[in-house]
$ cat my_file-v5.tsv   # TSV, C-alpha atoms and all ligand atoms
chain	number	residue	atom	x	y	z
A	193	MET	CA	16.58	-15.07	-55.67
A	194	GLU	CA	18.17	-12.79	-53.08
A	195	LYS	CA	19.04	-14.45	-49.77
A	196	LYS	CA	16.48	-13.73	-47.06
A	197	ILE	CA	17.50	-11.77	-43.99
A	198	VAL	CA	17.50	-14.24	-41.10
A	199	VAL	CA	16.36	-12.92	-37.73
A	200	ALA	CA	15.72	-14.16	-34.21
A	201	ILE	CA	13.28	-12.89	-31.61
A	202	ILE	CA	14.67	-12.82	-28.07
A	203	GLY	CA	11.87	-12.43	-25.52
A	204	CYS	CA	8.47	-13.65	-26.73
A	205	GLY	CA	6.19	-11.47	-24.62
A	206	THR	CA	3.78	-8.62	-25.32
A	207	ILE	CA	5.75	-6.33	-27.63
A	208	ALA	CA	7.28	-9.23	-29.58
A	209	ASN	CA	3.88	-10.80	-30.28
A	210	SER	CA	1.98	-7.57	-30.85
A	211	GLN	CA	4.49	-5.74	-33.05
A	212	HIS	CA	7.89	-7.26	-33.90
A	213	ILE	CA	6.82	-10.73	-35.02
A	214	PRO	CA	3.79	-9.63	-37.11
A	215	ALA	CA	5.92	-6.95	-38.80
A	216	TYR	CA	8.71	-9.40	-39.69
A	217	LEU	CA	6.13	-11.89	-40.98
A	218	LYS	CA	4.76	-9.24	-43.34
A	219	ASN	CA	8.23	-8.64	-44.79
A	220	GLU	CA	8.86	-11.11	-47.64
A	221	ASP	CA	12.62	-10.66	-47.37
A	222	VAL	CA	12.73	-12.05	-43.83
A	223	GLU	CA	12.91	-15.50	-42.28
A	224	ILE	CA	12.37	-15.77	-38.52
A	225	LYS	CA	14.66	-18.68	-37.62
A	226	TYR	CA	14.48	-18.59	-33.81
A	227	PHE	CA	12.01	-17.69	-31.09
A	228	CYS	CA	13.80	-17.47	-27.76
A	229	ASP	CA	12.32	-17.06	-24.31
A	230	ILE	CA	13.66	-17.90	-20.89
A	231	ILE	CA	10.24	-19.50	-20.39
A	232	LEU	CA	10.55	-22.13	-23.10
A	233	GLU	CA	6.77	-22.62	-23.39
A	234	LYS	CA	6.47	-19.02	-24.66
A	235	ALA	CA	8.99	-19.69	-27.44
A	236	GLU	CA	7.26	-22.98	-28.28
A	237	ALA	CA	3.89	-21.22	-28.37
A	238	ALA	CA	5.31	-18.75	-30.91
A	239	VAL	CA	6.63	-21.54	-33.14
A	240	LYS	CA	3.17	-23.13	-33.05
A	241	LYS	CA	1.27	-19.89	-33.57
A	242	TYR	CA	3.35	-18.53	-36.45
A	243	GLY	CA	4.22	-21.89	-38.06
A	244	CYS	CA	7.93	-21.17	-38.41
A	245	GLY	CA	11.20	-21.09	-36.51
A	246	ILE	CA	12.86	-23.07	-33.75
A	247	ALA	CA	12.11	-22.55	-30.05
A	248	VAL	CA	15.11	-22.01	-27.76
A	249	GLN	CA	15.45	-21.06	-24.11
A	250	ASP	CA	19.01	-19.74	-24.09
A	251	TYR	CA	19.85	-16.91	-26.49
A	252	HIS	CA	23.50	-18.06	-26.67
A	253	GLU	CA	22.32	-20.84	-29.03
A	254	ILE	CA	21.33	-18.18	-31.55
A	255	LEU	CA	24.74	-16.52	-31.37
A	256	LYS	CA	26.44	-19.70	-32.58
A	257	ASP	CA	24.40	-19.79	-35.79
A	258	PRO	CA	26.26	-17.94	-38.58
A	259	GLU	CA	23.04	-17.74	-40.63
A	260	VAL	CA	21.42	-15.25	-38.22
A	261	ASP	CA	21.84	-11.68	-39.46
A	262	GLY	CA	19.86	-9.77	-36.86
A	263	VAL	CA	17.94	-10.00	-33.62
A	264	SER	CA	15.05	-8.20	-31.98
A	265	ILE	CA	15.59	-7.93	-28.24
A	266	CYS	CA	12.19	-7.76	-26.53
A	267	THR	CA	13.11	-8.71	-22.97
A	268	PRO	CA	12.68	-6.66	-19.78
A	269	ASN	CA	15.06	-3.70	-19.48
A	270	HIS	CA	17.72	-5.28	-17.25
A	271	MET	CA	18.64	-7.76	-20.01
A	272	HIS	CA	18.91	-5.18	-22.82
A	273	SER	CA	22.59	-4.35	-22.36
A	274	ILE	CA	23.72	-7.90	-21.54
A	275	ILE	CA	21.98	-9.52	-24.51
A	276	SER	CA	22.74	-6.65	-26.93
A	277	ILE	CA	26.47	-6.73	-26.14
A	278	ASP	CA	26.61	-10.54	-26.49
A	279	CYS	CA	24.78	-10.34	-29.84
A	280	LEU	CA	27.00	-7.53	-31.13
A	281	ASN	CA	30.13	-9.43	-30.07
A	282	ALA	CA	28.77	-12.37	-32.11
A	283	LYS	CA	28.48	-9.94	-35.10
A	284	LYS	CA	24.69	-9.88	-35.12
A	285	HIS	CA	22.86	-6.68	-35.92
A	286	VAL	CA	20.52	-5.62	-33.13
A	287	LEU	CA	17.18	-3.91	-32.75
A	288	CYS	CA	16.76	-3.53	-29.00
A	289	GLU	CA	13.49	-2.35	-27.49
A	290	LYS	CA	13.39	0.90	-25.57
A	291	PRO	CA	14.75	2.07	-23.19
A	292	ALA	CA	18.27	1.40	-24.48
A	293	ALA	CA	19.20	0.16	-21.02
A	294	LYS	CA	18.51	0.44	-17.31
A	295	ASN	CA	20.92	3.36	-17.02
A	296	TYR	CA	23.33	5.56	-18.99
A	297	GLU	CA	26.44	3.55	-18.09
A	298	GLU	CA	24.96	0.39	-19.60
A	299	ALA	CA	23.81	2.29	-22.69
A	300	LEU	CA	27.36	3.59	-23.24
A	301	LYS	CA	28.70	0.03	-23.07
A	302	MET	CA	26.18	-1.02	-25.71
A	303	GLN	CA	27.25	1.86	-27.93
A	304	GLU	CA	30.92	0.89	-27.52
A	305	ALA	CA	30.15	-2.73	-28.47
A	306	ALA	CA	28.29	-1.60	-31.61
A	307	HIS	CA	31.20	0.56	-32.70
A	308	ARG	CA	33.86	-2.05	-31.88
A	309	ASN	CA	32.04	-4.78	-33.80
A	310	ASN	CA	30.96	-2.51	-36.63
A	311	CYS	CA	27.39	-3.76	-36.23
A	312	ILE	CA	24.07	-1.95	-36.21
A	313	LEU	CA	22.49	-1.16	-32.86
A	314	ASN	CA	19.09	0.48	-33.24
A	315	ILE	CA	16.82	1.20	-30.28
A	316	GLY	CA	13.03	0.81	-30.39
A	317	VAL	CA	12.29	4.53	-30.33
A	318	VAL	CA	9.44	3.82	-32.67
A	319	ASN	CA	8.07	7.38	-32.79
A	320	ARG	CA	10.97	8.34	-35.06
A	321	PHE	CA	9.10	6.26	-37.68
A	322	ASN	CA	5.78	8.02	-37.07
A	323	ASN	CA	4.74	10.40	-39.85
A	324	ALA	CA	3.19	12.94	-37.44
A	325	VAL	CA	6.49	13.20	-35.57
A	326	ARG	CA	8.51	13.32	-38.81
A	327	THR	CA	6.28	16.12	-40.09
A	328	ILE	CA	6.83	18.15	-36.91
A	329	LYS	CA	10.58	17.68	-37.20
A	330	THR	CA	10.54	18.91	-40.79
A	331	MET	CA	8.45	21.96	-39.83
A	332	ILE	CA	10.78	22.86	-36.96
A	333	ASP	CA	13.86	22.28	-39.17
A	334	HIS	CA	12.35	24.65	-41.76
A	335	GLY	CA	11.81	27.33	-39.10
A	336	GLU	CA	8.02	27.25	-39.33
A	337	LEU	CA	7.68	27.70	-35.55
A	338	GLY	CA	10.48	30.28	-35.42
A	339	LYS	CA	12.77	29.86	-32.43
A	340	VAL	CA	11.39	27.15	-30.15
A	341	HIS	CA	12.12	28.37	-26.62
A	342	HIS	CA	10.14	25.90	-24.52
A	343	VAL	CA	8.92	22.33	-24.93
A	344	HIS	CA	6.46	21.02	-22.36
A	345	VAL	CA	5.78	17.32	-22.02
A	346	SER	CA	2.91	15.67	-20.16
A	347	PHE	CA	2.49	11.91	-19.88
A	348	ARG	CA	-0.03	11.36	-17.13
A	349	ALA	CA	-2.52	8.58	-16.56
A	350	PHE	CA	-5.13	8.26	-13.81
A	351	ARG	CA	-4.49	4.86	-12.22
A	352	SER	CA	-2.43	2.83	-14.64
A	353	ILE	CA	0.61	1.29	-12.97
A	354	PRO	CA	1.68	-1.72	-15.07
A	355	GLY	CA	2.13	-5.16	-13.51
A	356	ILE	CA	2.43	-3.89	-9.97
A	357	GLY	CA	5.04	-5.83	-8.00
A	358	GLY	CA	6.49	-7.30	-11.20
A	359	ALA	CA	9.28	-6.41	-13.64
A	360	PHE	CA	7.96	-2.91	-14.43
A	361	THR	CA	7.91	-1.75	-10.80
A	362	THR	CA	11.17	-3.33	-9.66
A	363	LYS	CA	14.08	-0.91	-10.06
A	364	ASP	CA	16.69	-3.69	-10.37
A	365	ILE	CA	14.83	-4.98	-13.43
A	366	ALA	CA	13.32	-1.88	-15.04
A	367	GLY	CA	15.82	0.79	-13.97
A	368	GLY	CA	12.97	3.16	-13.10
A	369	GLY	CA	9.25	3.70	-13.43
A	370	VAL	CA	7.13	6.04	-15.50
A	371	LEU	CA	10.07	8.10	-16.77
A	372	ILE	CA	12.07	5.19	-18.16
A	373	ASP	CA	8.95	3.41	-19.42
A	374	TRP	CA	6.82	6.22	-20.92
A	375	GLY	CA	8.97	9.33	-20.55
A	376	VAL	CA	11.69	7.81	-22.71
A	377	HIS	CA	9.38	8.00	-25.75
A	378	TYR	CA	8.43	11.62	-25.05
A	379	LEU	CA	11.96	12.86	-24.40
A	380	ASP	CA	13.13	10.99	-27.48
A	381	ILE	CA	10.52	12.77	-29.63
A	382	VAL	CA	11.64	16.12	-28.22
A	383	MET	CA	15.31	15.46	-28.93
A	384	TYR	CA	14.56	14.12	-32.42
A	385	CYS	CA	12.34	17.06	-33.40
A	386	MET	CA	14.73	19.63	-31.90
A	387	SER	CA	17.84	18.02	-33.49
A	388	ASP	CA	19.49	17.01	-30.22
A	389	PRO	CA	20.14	20.25	-28.34
A	390	LYS	CA	22.95	19.67	-25.85
A	391	PRO	CA	21.50	19.16	-22.33
A	392	LEU	CA	23.04	21.54	-19.76
A	393	THR	CA	21.26	20.94	-16.44
A	394	ALA	CA	18.49	18.77	-15.00
A	395	SER	CA	16.40	19.47	-11.94
A	396	ALA	CA	13.78	16.90	-11.00
A	397	GLU	CA	11.80	15.20	-8.25
A	398	GLN	CA	10.31	11.72	-8.37
A	399	PHE	CA	7.61	10.13	-6.25
A	400	CYS	CA	7.13	6.49	-5.32
A	401	VAL	CA	3.82	6.96	-3.56
A	402	LEU	CA	0.57	5.62	-4.95
A	403	GLY	CA	1.58	2.03	-5.63
A	404	LYS	CA	3.76	1.55	-2.58
A	405	ASP	CA	1.08	-0.16	-0.56
A	406	ILE	CA	0.56	-2.84	-3.22
A	407	PRO	CA	-2.42	-4.73	-1.70
A	408	ASN	CA	-4.39	-1.49	-1.20
A	409	TYR	CA	-3.58	0.17	-4.52
A	410	ILE	CA	-6.88	0.98	-6.24
A	411	TYR	CA	-6.83	1.00	-10.02
A	412	THR	CA	-9.00	1.23	-13.06
A	413	SER	CA	-6.70	-0.68	-15.37
A	414	MET	CA	-3.57	-2.73	-15.08
A	415	TRP	CA	-1.67	-3.37	-18.25
A	416	ALA	CA	1.33	-5.67	-18.78
A	417	GLU	CA	0.29	-8.51	-16.44
A	418	ASP	CA	-2.29	-8.28	-13.72
A	419	THR	CA	-0.15	-9.03	-10.71
A	420	ARG	CA	-2.49	-7.89	-7.94
A	421	ASN	CA	-1.81	-11.08	-6.00
A	422	VAL	CA	1.96	-10.97	-6.39
A	423	GLN	CA	4.02	-10.21	-3.29
A	424	GLY	CA	6.49	-8.20	-5.31
A	425	VAL	CA	8.64	-5.09	-5.26
A	426	TYR	CA	7.51	-1.52	-5.81
A	427	ASP	CA	10.44	0.89	-5.68
A	428	VAL	CA	10.19	3.06	-8.81
A	429	ASP	CA	8.76	6.47	-9.74
A	430	ASP	CA	4.99	6.39	-10.21
A	431	SER	CA	5.20	10.11	-10.93
A	432	ILE	CA	7.99	12.52	-11.79
A	433	THR	CA	8.44	16.16	-12.69
A	434	GLY	CA	11.31	18.39	-13.65
A	435	LEU	CA	13.07	20.78	-15.96
A	436	ILE	CA	15.99	20.37	-18.31
A	437	ARG	CA	17.92	23.33	-19.65
A	438	THR	CA	19.50	22.71	-23.03
A	439	LYS	CA	21.46	24.78	-25.56
A	440	GLY	CA	18.11	24.94	-27.35
A	441	PRO	CA	14.73	25.06	-25.63
A	442	VAL	CA	13.96	24.50	-21.98
A	443	ILE	CA	12.15	21.18	-21.53
A	444	SER	CA	9.66	20.87	-18.68
A	445	PHE	CA	7.88	17.61	-17.97
A	446	ILE	CA	5.36	15.91	-15.72
A	447	GLY	CA	4.66	12.21	-15.87
A	448	ALA	CA	2.50	9.82	-13.87
A	449	TRP	CA	1.51	6.18	-14.15
A	450	ALA	CA	-0.88	7.03	-11.36
A	451	GLN	CA	-2.23	10.28	-9.94
A	452	ASN	CA	-5.29	11.37	-7.99
A	453	VAL	CA	-6.68	13.45	-10.84
A	454	ASN	CA	-8.78	11.66	-13.40
A	455	VAL	CA	-7.65	13.76	-16.34
A	456	PRO	CA	-5.13	11.74	-18.34
A	457	GLU	CA	-2.78	13.80	-20.50
A	458	SER	CA	-0.51	12.66	-23.25
A	459	TYR	CA	0.98	15.46	-25.29
A	460	ILE	CA	4.06	17.47	-26.22
A	461	ASP	CA	3.86	21.26	-26.71
A	462	PHE	CA	6.50	22.84	-28.92
A	463	LEU	CA	6.36	26.59	-28.20
A	464	GLY	CA	8.06	28.88	-30.70
A	465	ASP	CA	7.99	32.63	-31.34
A	466	LYS	CA	6.28	32.21	-34.73
A	467	GLY	CA	4.13	29.21	-33.98
A	468	GLY	CA	3.32	26.35	-31.69
A	469	ILE	CA	2.39	22.69	-31.97
A	470	ARG	CA	0.58	20.34	-29.62
A	471	LEU	CA	1.39	16.76	-30.56
A	472	HIS	CA	-1.25	14.39	-29.20
A	473	TYR	CA	0.97	11.40	-28.48
A	474	GLY	CA	0.45	8.60	-31.00
A	475	GLU	CA	-2.09	10.71	-32.90
A	476	ASN	CA	-2.27	13.95	-34.85
A	477	PHE	CA	-1.12	17.46	-33.90
A	478	ASP	CA	-2.61	20.96	-33.72
A	479	LEU	CA	-0.72	23.89	-35.15
A	480	VAL	CA	-0.90	27.64	-34.54
A	481	VAL	CA	1.20	29.98	-36.71
A	482	SER	CA	1.23	33.75	-36.97
A	483	LYS	CA	1.02	34.91	-40.57
A	484	ASN	CA	0.28	38.33	-42.08
A	485	GLY	CA	-0.96	39.70	-38.75
A	486	SER	CA	-3.29	36.76	-38.00
A	487	LEU	CA	-3.07	33.59	-36.00
A	488	ILE	CA	-3.93	30.58	-38.12
A	489	GLN	CA	-5.00	27.39	-36.40
A	490	SER	CA	-5.01	24.08	-38.20
A	491	THR	CA	-4.87	20.34	-37.80
A	492	PRO	CA	-2.78	18.98	-40.65
A	493	ILE	CA	-3.73	15.88	-42.58
A	494	PHE	CA	-0.77	13.78	-43.56
A	495	LYS	CA	-0.17	10.27	-44.75
A	496	SER	CA	-0.51	8.15	-41.62
A	497	ASN	CA	1.61	5.06	-41.31
A	498	HIS	CA	2.13	2.03	-39.08
A	499	HIS	CA	5.26	3.09	-37.30
A	500	PHE	CA	6.17	-0.34	-35.90
A	501	ILE	CA	6.05	-1.85	-39.40
A	502	ASP	CA	8.19	1.03	-40.68
A	503	GLU	CA	10.62	0.51	-37.82
A	504	ILE	CA	11.03	-3.21	-38.54
A	505	ASN	CA	11.22	-2.75	-42.33
A	506	SER	CA	13.84	-0.04	-41.84
A	507	PHE	CA	15.89	-2.38	-39.62
A	508	VAL	CA	15.73	-5.13	-42.25
A	509	ASP	CA	16.77	-2.68	-44.96
A	510	ASN	CA	19.51	-1.42	-42.65
A	511	ILE	CA	20.90	-4.97	-42.35
A	512	LYS	CA	21.14	-5.06	-46.16
A	513	HIS	CA	22.77	-1.62	-46.17
A	514	PRO	CA	24.67	-1.31	-42.88
A	515	GLU	CA	26.40	1.85	-44.06
A	516	LYS	CA	23.06	3.69	-43.67
A	517	ARG	CA	22.28	5.38	-40.35
A	518	LEU	CA	18.70	5.14	-39.09
A	519	PRO	CA	17.35	7.90	-36.83
A	520	SER	CA	17.01	5.24	-34.12
A	521	HIS	CA	20.73	4.42	-34.09
A	522	ILE	CA	22.28	4.20	-30.60
A	523	ASP	CA	24.48	7.20	-31.44
A	524	THR	CA	21.36	9.39	-31.62
A	525	VAL	CA	19.38	7.74	-28.83
A	526	ILE	CA	22.24	7.87	-26.30
A	527	ILE	CA	21.42	11.50	-25.47
A	528	THR	CA	18.03	10.47	-24.06
A	529	ALA	CA	19.73	7.88	-21.86
A	530	LYS	CA	22.05	10.65	-20.62
A	531	MET	CA	19.13	12.98	-19.90
A	532	MET	CA	17.15	10.34	-18.04
A	533	GLN	CA	20.20	9.54	-15.93
A	534	GLY	CA	20.53	13.25	-15.10
A	535	ILE	CA	16.85	13.42	-14.17
A	536	TYR	CA	17.06	10.38	-11.89
A	537	ASP	CA	20.34	11.59	-10.34
A	538	SER	CA	18.82	15.01	-9.66
A	539	ALA	CA	15.70	13.47	-8.14
A	540	ALA	CA	17.75	11.11	-5.95
A	541	SER	CA	20.00	13.93	-4.65
A	542	HIS	CA	17.30	16.67	-4.61
A	543	LYS	CA	19.82	18.91	-6.41
A	544	GLU	CA	20.31	20.32	-9.87
A	545	ILE	CA	22.65	18.20	-12.01
A	546	LYS	CA	25.06	19.73	-14.51
A	547	PHE	CA	25.68	17.51	-17.52
A	548	LYS	CA	29.33	16.95	-18.40
A	549	ASN	CA	30.50	17.66	-22.01
B	601	LIG	N1	8.25	0.39	-28.12
B	601	LIG	C1	7.21	0.35	-27.31
B	601	LIG	O1	6.29	1.17	-27.39
B	601	LIG	C2	7.17	-0.73	-26.26
B	601	LIG	C3	5.93	-1.18	-25.78
B	601	LIG	C4	5.93	-2.19	-24.83
B	601	LIG	C5	7.13	-2.69	-24.33
B	601	LIG	N2	8.31	-2.20	-24.79
B	601	LIG	C6	9.60	-2.70	-24.25
B	601	LIG	O2	9.76	-4.06	-24.64
B	601	LIG	C7	10.41	-4.80	-23.59
B	601	LIG	C8	9.55	-6.00	-23.24
B	601	LIG	O3	8.29	-5.55	-22.77
B	601	LIG	P1	7.01	-6.50	-22.82
B	601	LIG	O4	5.87	-5.64	-22.42
B	601	LIG	O5	6.95	-7.24	-24.09
B	601	LIG	O6	7.37	-7.48	-21.61
B	601	LIG	P2	6.89	-8.99	-21.41
B	601	LIG	O7	7.16	-9.31	-19.99
B	601	LIG	O8	5.53	-9.19	-21.94
B	601	LIG	O9	7.89	-9.85	-22.33
B	601	LIG	C9	9.25	-10.01	-22.03
B	601	LIG	C10	9.62	-11.47	-22.34
B	601	LIG	O10	11.04	-11.61	-22.20
B	601	LIG	C11	11.28	-12.89	-21.65
B	601	LIG	N3	12.63	-12.91	-21.07
B	601	LIG	C12	13.06	-12.38	-19.90
B	601	LIG	N4	14.38	-12.60	-19.75
B	601	LIG	C13	14.79	-13.26	-20.86
B	601	LIG	C14	16.04	-13.79	-21.28
B	601	LIG	N5	17.14	-13.66	-20.53
B	601	LIG	N6	16.10	-14.44	-22.47
B	601	LIG	C15	14.99	-14.58	-23.23
B	601	LIG	N7	13.77	-14.11	-22.87
B	601	LIG	C16	13.67	-13.47	-21.70
B	601	LIG	C17	10.16	-13.04	-20.63
B	601	LIG	O11	9.97	-14.39	-20.25
B	601	LIG	C18	8.98	-12.47	-21.40
B	601	LIG	O12	8.30	-13.46	-22.15
B	601	LIG	C19	10.61	-3.81	-22.44
B	601	LIG	O13	11.92	-3.33	-22.47
B	601	LIG	C20	9.64	-2.68	-22.73
B	601	LIG	O14	10.09	-1.41	-22.26
B	601	LIG	C21	8.35	-1.25	-25.76
$ encode --input "my_file-v5.tsv" --output "structure tokens"
Amino acid sequence: MEKKIVVAIIGCGTIANSQHIPAYLKNEDVEIKYFCDIILEKAEAAVKKYGCGIAVQDYHEILKDPEVDGVSICTPNHMHSIISIDCLNAKKHVLCEKPAAKNYEEALKMQEAAHRNNCILNIGVVNRFNNAVRTIKTMIDHGELGKVHHVHVSFRAFRSIPGIGGAFTTKDIAGGGVLIDWGVHYLDIVMYCMSDPKPLTASAEQFCVLGKDIPNYIYTSMWAEDTRNVQGVYDVDDSITGLIRTKGPVISFIGAWAQNVNVPESYIDFLGDKGGIRLHYGENFDLVVSKNGSLIQSTPIFKSNHHFIDEINSFVDNIKHPEKRLPSHIDTVIITAKMMQGIYDSAASHKEIKFKN
């Protein structure tokens, strides 16, 4: 019998329990040997719930175990680079949740550590494993939209700031707000589907407005944890807008965790001279193409898939075949980290930023 791939989960919170752990458990080639959380009770609860593994509080214990092949890093953003680099230096393959890191500089250090140690570093840009997104990429690659000149991205909720005052709204921990948390997925889809057009300039503005007065923030839902009674920090973007020029299409975007318009939007428009696509984020897409003098509108039906399961299975397969490159490899995702840095730098300085190289 082939040896199982041995993995460890670092950070036993929402995404680990909802996606990573169930997906590993479904994969017969995998053994989860460790559950690690800085709050030991969370790691112990996972051992009890899933009936396997050892609970540890300090991830360094995992690094000492030569049996561990790979780790899923599911901690808040500020620990992504620190834990990833330590794991890579210990020759463990890494699947680190998105965003790669709090900022571009940290993401570059992670990339360097992956190269130096000749280990895999994949980032949890899970939409690259979504069949709707893959289908759009194939259509754009095959020229079905013609020349795509503009991509518009909207990720706007009504009143949906996560865990106000907690990790998500504290810049030192999260690195940013709605852009780094939601926008990262949207920009990543754009770059993937458009085959990474080189970014040239970014011009953006960000707003830390609606959640600033934490006790008086009115909301309809609060995901992550409900921290309404926490005396915490709120210093990130609750909304953001801007424009990125690239060697390919112009990318315009507007994002909001909270806004005073109750019309949530969650889509990406790919606008080409022969056709256009509206991707409804996490769902299907609508297509318009001009053909034989007519405009044909359609909503394709394709094989839907569970993209988190695909992501985890692909990581496990990647550990068996490290020579393969997944679309979520740090070398592809790094461009989104660079763009987000440019957006935040432009917003902070109120000036257009020119990207180097
Ligand atoms: N791919 C997606 O769509 C998606 C969705 C949700 C969250 N995420 C990402 O996953 C990460 C975690 O988010 P979450 O919602 O699960 O947060 P969470 O707060 O529910 O879980 C994080 C866990 O990490 C633990 N932790 C913190 N520091 C640690 C350390 N040094 N060592 C070990 N454990 C530590 C915390 O105690 C907590 O249990 C974030 O980076 C987030 O952006 C991705």
$ closest_residue --input "my_file-v5.tsv" --among "A:Asn505, A:Thr438, A:Asn476, A:Ser538" --to "Ala215 in chain A" --atoms "all atoms listed in the file"
A:Asn505
$ residues_near_ligand --input "my_file-v5.tsv" --ligand "ligand LIG 601 (chain B)" --cutoff "9 Å" --atoms "only C-alpha atoms and all ligand atoms" --output "ChimeraX atom specification"
/A:201-211,227-232,234-235,248-251,265-272,274-275,288-293,315-319,359-360,366,372-374,377,415-417,500
$ residues_around --input "my_file-v5.tsv" --residues "Ile522 in chain A" --least-positions-apart "3" --cutoff "12 Å" --atoms "all atoms listed in the file" --output "PyMOL selection string"
chain A and resi 273+276+286-293+296+298-307+311-317+380+517-519+525-530
$ residues_around --input "my_file-v5.tsv" --residues "Pro258 in chain A" --least-positions-apart "5" --cutoff "10 Å" --atoms "all atoms listed in the file" --output "list of chain:residue names"
A:Val198, A:Ala282, A:Lys283, A:Lys284
$ atom_distance --input "my_file-v5.tsv" --atom1 "CA of Lys256 in chain A" --atom2 "CA of Gly243 in chain A"
23.0 Å
$ decode --input "my_file-v5.tsv" --residues "range 256-302 of chain A" --atoms "C-alpha atoms" --output "PDB file, in the first residue's frame"
ATOM      1  CA  LYS A 256      10.179  18.675  14.115  1.00  0.00           C
ATOM      2  CA  ASP A 257       8.198  15.678  12.859  1.00  0.00           C
ATOM      3  CA  PRO A 258       9.820  14.257   9.694  1.00  0.00           C
ATOM      4  CA  GLU A 259       6.618  12.333   8.891  1.00  0.00           C
ATOM      5  CA  VAL A 260       4.666  15.516   8.085  1.00  0.00           C
ATOM      6  CA  ASP A 261       4.618  16.176   4.338  1.00  0.00           C
ATOM      7  CA  GLY A 262       2.380  19.223   4.162  1.00  0.00           C
ATOM      8  CA  VAL A 263       0.478  21.810   6.158  1.00  0.00           C
ATOM      9  CA  SER A 264      -2.647  23.895   5.711  1.00  0.00           C
ATOM     10  CA  ILE A 265      -2.179  27.332   7.232  1.00  0.00           C
ATOM     11  CA  CYS A 266      -5.581  28.671   8.294  1.00  0.00           C
ATOM     12  CA  THR A 267      -4.579  31.392  10.750  1.00  0.00           C
ATOM     13  CA  PRO A 268      -5.301  35.133  10.563  1.00  0.00           C
ATOM     14  CA  ASN A 269      -3.337  36.983   7.880  1.00  0.00           C
ATOM     15  CA  HIS A 270      -0.514  38.373  10.034  1.00  0.00           C
ATOM     16  CA  MET A 271       0.753  34.836  10.742  1.00  0.00           C
ATOM     17  CA  HIS A 272       0.701  33.633   7.109  1.00  0.00           C
ATOM     18  CA  SER A 273       4.232  34.700   6.201  1.00  0.00           C
ATOM     19  CA  ILE A 274       5.820  33.798   9.543  1.00  0.00           C
ATOM     20  CA  ILE A 275       4.334  30.292   9.699  1.00  0.00           C
ATOM     21  CA  SER A 276       4.730  29.610   5.957  1.00  0.00           C
ATOM     22  CA  ILE A 277       8.427  30.531   5.994  1.00  0.00           C
ATOM     23  CA  ASP A 278       9.079  28.406   9.104  1.00  0.00           C
ATOM     24  CA  CYS A 279       7.270  25.444   7.517  1.00  0.00           C
ATOM     25  CA  LEU A 280       9.102  25.831   4.201  1.00  0.00           C
ATOM     26  CA  ASN A 281      12.450  26.066   6.018  1.00  0.00           C
ATOM     27  CA  ALA A 282      11.508  22.776   7.728  1.00  0.00           C
ATOM     28  CA  LYS A 283      10.922  21.307   4.204  1.00  0.00           C
ATOM     29  CA  LYS A 284       7.164  21.040   4.566  1.00  0.00           C
ATOM     30  CA  HIS A 285       4.931  21.746   1.602  1.00  0.00           C
ATOM     31  CA  VAL A 286       2.447  24.532   2.301  1.00  0.00           C
ATOM     32  CA  LEU A 287      -1.098  25.432   1.379  1.00  0.00           C
ATOM     33  CA  CYS A 288      -1.593  28.865   2.920  1.00  0.00           C
ATOM     34  CA  GLU A 289      -5.005  30.521   2.996  1.00  0.00           C
ATOM     35  CA  LYS A 290      -5.559  33.746   1.118  1.00  0.00           C
ATOM     36  CA  PRO A 291      -4.385  36.492   1.106  1.00  0.00           C
ATOM     37  CA  ALA A 292      -0.801  35.294   0.666  1.00  0.00           C
ATOM     38  CA  ALA A 293       0.263  37.790   3.314  1.00  0.00           C
ATOM     39  CA  LYS A 294      -0.495  41.125   4.952  1.00  0.00           C
ATOM     40  CA  ASN A 295       1.504  42.951   2.295  1.00  0.00           C
ATOM     41  CA  TYR A 296       3.618  42.458  -0.839  1.00  0.00           C
ATOM     42  CA  GLU A 297       6.960  42.506   0.985  1.00  0.00           C
ATOM     43  CA  GLU A 298       5.924  39.562   3.166  1.00  0.00           C
ATOM     44  CA  ALA A 299       4.556  37.685   0.139  1.00  0.00           C
ATOM     45  CA  LEU A 300       7.912  38.092  -1.652  1.00  0.00           C
ATOM     46  CA  LYS A 301       9.714  36.620   1.368  1.00  0.00           C
ATOM     47  CA  MET A 302       7.375  33.625   1.281  1.00  0.00           C
TER      48      MET A 302
END
